[in-house]
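Peer 1: This is the structure, below, for whatever I ask next.
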Amino acid sequence: MSEAVQHGRCLCGAVTVSGRLGQDMSACFCTMCTRWSGTVQMGIDAPANTVVVNGPVKTYRSSPFSERAWCDTCGSALWLRDDGGDYEFVPGLFENAGGGRLTRIVYADRKPDGWDIADGPTRVTAAEYEEKHPFIPEGEMP
């Protein structure tokens with residue numbers, strides 16, 4: 001776990017998150033995670049006793065033992081959390097995914113065919129993409 005407190009936010013900035021994040025990220029291809037996220041669901045752990053969340057959060061009890069949360073303003077996914085357990089935050093809330101690294105893939109045998117990204121797919125840099133598809137600069141985002 002990082003000693004530094006990481007600060008993150010949802011897309012619109014209405015929900016803010018602060019906490020000490022773990023260094024390991026997981027990815028999950030189970031049916032619930034892929035339906036909720038629309039793709040592979042990734043998470044980075046943060047002990048509940050180090051976390052402060054502010055803003056309009058909504059939760060959904062997705063299983064008998066866990067909840068999923070999102071921003072009630074913009075809909076950004078926030079976390080998966082087992083009852084009484086630590087948070088598993090969506091890494092995209094934090095700059096550079098909070099410094100974590102992917103160390104585990106859960107339900108790896110359920111990865112869709114054709115999702116091998118290590119070799120094969122064309123790599124396009126931010127500059128190359130934004131040359132044809134302008135993007136809102138980070139400093140100008142809401």
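Ligands are numbered from 1 in the order shown, residues from 1 within each chain, and chains are lettered A, B, ... in the order they appear in the structure tokens.
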Which polymer residues have any atom within 7 Å of an atom of region 26-36 of chain A, counting only C-alpha atoms, with same-chain residues fewer than 3 positions away left out, as a list in words?
Peer 2: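 So, after excluding close chain neighbours, the residues are Thr39, Val40, Gln41, Met42, Gly43, Ile44, Leu102, Thr103, Arg104, Ile105, Val106, Tyr107, Ala108, Arg110 and Lys111 of chain A.
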Peer 1: Would you mind listing what lies within 10 Å of Glu3 (chain A) as a list in words, with only C-alpha atoms counted and same-chain residues fewer than 4 positions away left out?
Peer 2: Gly19, Arg20, Leu21 and Gly22 of chain A
Peer 1: Write out as a ChimeraX atom specification the residues lying within 10 Å of region 46-49 of chain A, counting only C-alpha atoms and excluding same-chain residues fewer than 5 positions away.
Peer 2: /A:1-2,6,18-23,81,84-89
Peer 1: For N, CA and C atoms, I'd like the residues from the last selection saved as a short mmCIF file (atom, residue, chain, number, x, y, z; two decimals), in the first residue's frame.
Peer 2:
data_model
loop_
_atom_site.label_atom_id
_atom_site.label_comp_id
_atom_site.auth_asym_id
_atom_site.auth_seq_id
_atom_site.Cartn_x
_atom_site.Cartn_y
_atom_site.Cartn_z
N MET A 1 0.84 -1.18 0.00
CA MET A 1 0.00 0.00 0.00
C MET A 1 0.88 1.24 0.00
N SER A 2 0.43 2.22 -0.75
CA SER A 2 1.15 3.49 -0.82
C SER A 2 0.97 4.26 0.49
N GLN A 6 -3.94 9.30 -2.07
CA GLN A 6 -4.28 9.59 -3.46
C GLN A 6 -5.62 10.32 -3.49
N SER A 18 -10.55 10.30 -1.53
CA SER A 18 -9.19 10.38 -1.01
C SER A 18 -8.93 9.14 -0.19
N GLY A 19 -7.74 8.58 -0.33
CA GLY A 19 -7.40 7.40 0.45
C GLY A 19 -6.05 6.85 0.08
N ARG A 20 -5.60 5.88 0.86
CA ARG A 20 -4.34 5.18 0.59
C ARG A 20 -4.68 3.96 -0.25
N LEU A 21 -4.16 3.93 -1.44
CA LEU A 21 -4.46 2.86 -2.37
C LEU A 21 -3.42 1.76 -2.31
N GLY A 22 -3.87 0.55 -2.62
CA GLY A 22 -2.93 -0.55 -2.78
C GLY A 22 -2.14 -0.37 -4.06
N GLN A 23 -1.15 -1.20 -4.26
CA GLN A 23 -0.32 -1.12 -5.46
C GLN A 23 -0.79 -2.07 -6.55
N ARG A 81 -17.63 -3.04 -3.47
CA ARG A 81 -17.23 -3.22 -2.07
C ARG A 81 -18.01 -4.36 -1.45
N GLY A 84 -18.70 -4.73 4.64
CA GLY A 84 -17.73 -4.50 5.70
C GLY A 84 -16.29 -4.54 5.26
N GLY A 85 -16.07 -4.64 3.96
CA GLY A 85 -14.70 -4.77 3.47
C GLY A 85 -14.11 -3.48 2.95
N ASP A 86 -12.96 -3.64 2.37
CA ASP A 86 -12.26 -2.51 1.79
C ASP A 86 -12.91 -2.12 0.46
N TYR A 87 -12.60 -0.93 0.01
CA TYR A 87 -13.08 -0.47 -1.29
C TYR A 87 -12.24 -1.08 -2.39
N GLU A 88 -12.84 -1.32 -3.52
CA GLU A 88 -12.12 -1.68 -4.74
C GLU A 88 -12.52 -0.62 -5.75
N PHE A 89 -11.74 0.47 -5.79
CA PHE A 89 -12.06 1.63 -6.62
C PHE A 89 -11.75 1.40 -8.09
#
Peer 1: In terms of the shortest atom-to-atom distance over only C-alpha atoms, which of A:Val90, A:Phe65, A:Lys58, A:Gly38 is closest to Arg9 (chain A)?
Peer 2: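 Checking each candidate against Arg9 (chain A), we get A:Val90 as the closest.
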Peer 1: As a list in words, please: all residues of region 66-139 of chain A that backbone DSSP puts in alpha helix (DSSP H).
Peer 2: Ala126, Ala127, Glu128, Tyr129, Glu130, Glu131 and Lys132 of chain A
Peer 1: Please write the residues from the selection above to a file, keeping C-alpha atoms, as a JSON list (two decimals), in the first residue's frame.
Peer 2:
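For reference, out_8.json as written:
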[["chain", "number", "residue", "atom", "x", "y", "z"],
["A", 126, "ALA", "CA", -2.96, 10.45, -27.75],
["A", 127, "ALA", "CA", -1.36, 12.93, -30.15],
["A", 128, "GLU", "CA", -2.12, 10.77, -33.19],
["A", 129, "TYR", "CA", -5.74, 10.26, -32.16],
["A", 130, "GLU", "CA", -6.38, 13.88, -31.20],
["A", 131, "GLU", "CA", -4.95, 15.13, -34.49],
["A", 132, "LYS", "CA", -8.10, 13.81, -36.19]]
Peer 1: Pick the closest to Asp24 (chain A) from A:Asp116, A:Asp82, A:Asp72, A:Asp45: which is it, counting only C-alpha atoms?
Peer 2: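 Closest residue, counting only C-alpha atoms: A:Asp45.
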Peer 1: From a DSSP calculation on the backbone, collect every residue of chain A in strand (DSSP E or B) and output the set as a PyMOL selection string.
Peer 2: chain A and resi 6-9+16-19+24-28+41-46+52-54+57-63+66-71+77-82+87-89+94+101-106
Peer 1: In Å, rounded to a single decimal, give me how far CA of Trp115 (chain A) is from CA of Pro91 (chain A).
Peer 2: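 Interatomic distance, CA of Pro91 (chain A) to CA of Trp115 (chain A): 20.0 Å.
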